[in-house]
There are 2 protein chains.
Amino acid sequence: MRVGILGGTGPAGRGLATRLAAAGTGVGVVIGSRDAERAATIVAEVRDRWPDQSLDLVGADNAEAAGSDIVVVATPWDSAVDTLRPLARVLAGKVVVSMANALVREGREMLALVPPRGSVAAAVQWALPDSQVAAAFHHLPARQLADLKTLLAADVLVCSDHAEATAATTGLVDAIDGLRALDAGSLNQAAAIEAFTAVCVTLNLRHRAHSALRFSGI
Amino acid sequence: MRVGILGGTGPAGRGLATRLAAAGTGVGVVIGSRDAERAATIVAEVRDRWPDQSLDLVGADNAEAAGSDIVVVATPWDSAVDTLRPLARVLAGKVVVSMANALVREGREMLALVPPRGSVAAAVQWALPDSQVAAAFHHLPARQLADLKTLLAADVLVCSDHAEATAATTGLVDAIDGLRALDAGSLNQAAAIEAFTAVCVTLNLRHRAHSALRFSGI
């Protein structure tokens, strides 16, 4: 199976790409970028950082990455719709995972914006009406995700209006050691899930920590 | 020290009142209600449930409860402002803790509303301009809170624009075994913290669980 990560050159997308490519579960990863050369540079950087790892990882432009079996949207939140609309046809019928958050930093705090359509994930589903959109991977600290030496121990909230998208996204999460997927309901939940990323980042800024979210009792 | 819980007859307020009254740390609790008789009935119910506990707990109307040293707002979110405005003078200079969430249930999901002024806590601070408002206690399952036999193991996010309110609220949290307070920044964070309660409740509905939120790495 091949996973394409659109806008995968940013910290969050790169971290997810690294973990999936190193998982050794038969998941190949395509880092997508507006600029295929930029994607190739990032892939080379990741390979240089982890010379002992067998990484199933290539770079491409976003259009080529969109040809993958599952596609993750890791662009900045305010370019997600413009990136996706020209790709709606190639993404039709596919599971698309939105991991972007609409955040703005003010001093020692991160604050959540309410993006058009209520959440980034809702905007992604609107741009891709024939795709099965899920939202996931919001609360993971990018730096820890990208560092294969860091043992992860976090829950990943997954929400979607399509059962097959929840199932496929759960499969991606479970491919990564130390992550557990939790079904958090319909895509309506994405607004609160995305906004809570601001709280997670603020906690880390205030406490100089790299915290991970866990739910006990589930 | 005396803590008044306005609207303390509902599940969340009653649970917090029970835990604080049983804590044995010198914290006395006044359950407030629009109807003092209703408050007295709830206090009697709590005493009947825990006959072996020494509970420092009384009932009163909301105005009398507002005379306490610290006041918690546990009314339904849409009656918080109307409850508080007539009490603004007695609450001036005090720490007031907002624990209400603006939620609506649809089938197997809880959804978050955006209340006027962005969050319940912001509305509480608006209604009480001379009080020091904090937001806390949002993500605790009310039933577990009310059941003294349940060992709690949860983090409580505290946010405020007033350092003394964060400190006093942290003291309340720390008085309860099994709870840890985390400073989550300014009162601006309350919008995302309150909305995330919808996700926590939805997880519990979907997984038939009573989950608690924890942050590892802090």
# chains A, B, ... in the order shown; residues from 1 in each chain; ligands from 1
$ closest_atom_pairs --of "chain B" --to "chain A" --cutoff "6 Å" --atoms "only C-alpha atoms" --output "tab-separated table"
residue	atom	partner	partner_atom	distance
B:Ala184	CA	A:Leu203	CA	5.3
B:Ala192	CA	A:Phe196	CA	5.2
B:Ala195	CA	A:Ala192	CA	5.4
B:Phe196	CA	A:Ala192	CA	5.2
B:Leu203	CA	A:Ala184	CA	5.3
B:Ala209	CA	A:Ile218	CA	5.7
B:His210	CA	A:Gly217	CA	5.9
B:Ser211	CA	A:Gly217	CA	4.4
B:Ala212	CA	A:Ser216	CA	5.2
B:Leu213	CA	A:Phe215	CA	4.9
B:Arg214	CA	A:Arg214	CA	5.1
B:Phe215	CA	A:Leu213	CA	4.9
B:Ser216	CA	A:Ala212	CA	5.2
B:Gly217	CA	A:Ser211	CA	4.4
B:Ile218	CA	A:Ala209	CA	5.7
$ residues_around --residues "stretch 42-52 of chain A" --least-positions-apart "3" --cutoff "8 Å" --atoms "only C-alpha atoms" --output "list in words"
Thr9, Arg14, Thr18, Ile31, Arg38, Ala39, Leu55, Leu57, Val58 and Gly59 of chain A
$ write_last_selection --atoms "C-alpha atoms" --output "PDB file, in the first residue's frame"
ATOM      1  CA  THR A   9       7.657  18.676   3.497  1.00  0.00           C
ATOM      2  CA  ARG A  14       7.622  14.874   7.341  1.00  0.00           C
ATOM      3  CA  THR A  18       9.243   9.095   8.439  1.00  0.00           C
ATOM      4  CA  ILE A  31       6.100  12.886   0.178  1.00  0.00           C
ATOM      5  CA  ARG A  38      11.749  20.224  -2.661  1.00  0.00           C
ATOM      6  CA  ALA A  39      10.134  16.863  -1.881  1.00  0.00           C
ATOM      7  CA  LEU A  55      12.785   3.607   4.475  1.00  0.00           C
ATOM      8  CA  LEU A  57      10.044   6.720   0.883  1.00  0.00           C
ATOM      9  CA  VAL A  58      10.077   8.805  -2.305  1.00  0.00           C
ATOM     10  CA  GLY A  59       9.382  12.425  -3.216  1.00  0.00           C
TER      11      GLY A  59
END
$ residues_around --residues "B:Leu145" --least-positions-apart "4" --cutoff "10 Å" --atoms "only C-alpha atoms" --output "MDAnalysis selection string"
chainID B and resid 11:19 140:141 149:152 176
$ atom_distance --atom1 "atom CA of A:Ala40" --atom2 "atom CA of A:Leu179"
27.4 Å
$ select_by_dssp --residues "stretch 4-197 of chain B" --states "strand (DSSP E or B)" --output "number ranges by chain"
B: 4-6, 28-33, 57-61, 70-73, 95-98, 103-106, 109-112, 132-135, 154-160, 179-183
$ residues_around --residues "B:Ala163" --least-positions-apart "3" --cutoff "12 Å" --atoms "only C-alpha atoms" --output "ChimeraX atom specification"
/B:95,132-134,158-160,166-170,183-187
$ write_last_selection --atoms "C-alpha atoms" --output "short mmCIF file (atom, residue, chain, number, x, y, z; two decimals), in the first residue's frame"
data_model
loop_
_atom_site.label_atom_id
_atom_site.label_comp_id
_atom_site.auth_asym_id
_atom_site.auth_seq_id
_atom_site.Cartn_x
_atom_site.Cartn_y
_atom_site.Cartn_z
CA VAL B 95 -11.74 33.83 42.14
CA GLN B 132 -10.73 36.70 38.58
CA VAL B 133 -12.20 33.97 36.38
CA ALA B 134 -10.54 30.65 35.63
CA VAL B 158 -6.71 25.28 34.14
CA CYS B 159 -6.69 28.54 32.22
CA SER B 160 -7.15 32.13 33.28
CA THR B 166 -4.86 29.90 38.21
CA ALA B 167 -3.11 29.40 41.56
CA ALA B 168 -6.32 29.15 43.61
CA THR B 169 -7.93 26.79 41.09
CA THR B 170 -4.79 24.65 41.04
CA ASP B 183 -1.62 25.45 33.55
CA ALA B 184 -3.04 25.69 30.03
CA GLY B 185 -2.55 29.42 29.53
CA SER B 186 -4.91 32.36 29.22
CA LEU B 187 -8.70 32.33 29.33
#
$ residues_around --residues "B:Ser54" --least-positions-apart "4" --cutoff "8 Å" --atoms "only C-alpha atoms" --output "MDAnalysis selection string"
chainID B and resid 21:22 24
$ residues_around --residues "stretch 73-75 of chain B" --least-positions-apart "6" --cutoff "7 Å" --atoms "only C-alpha atoms" --output "list in words"
Ile5, Leu6, Gly7, Gly8, Ala12, Gly13, Val97, Ser98, Met99 and Ala100 of chain B
$ atom_distance --atom1 "atom CA of B:Ser33" --atom2 "atom CA of B:Ala65"
8.3 Å
$ select_by_dssp --residues "stretch 7-180 of chain B" --states "helix (DSSP H, G or I)" --output "VMD selection string"
chain B and resid 11 to 22 36 to 49 62 to 65 77 to 91 120 to 127 142 to 146 163 to 174
$ atom_distance --atom1 "atom CA of A:Ala175" --atom2 "atom CA of A:Ile70"
13.7 Å
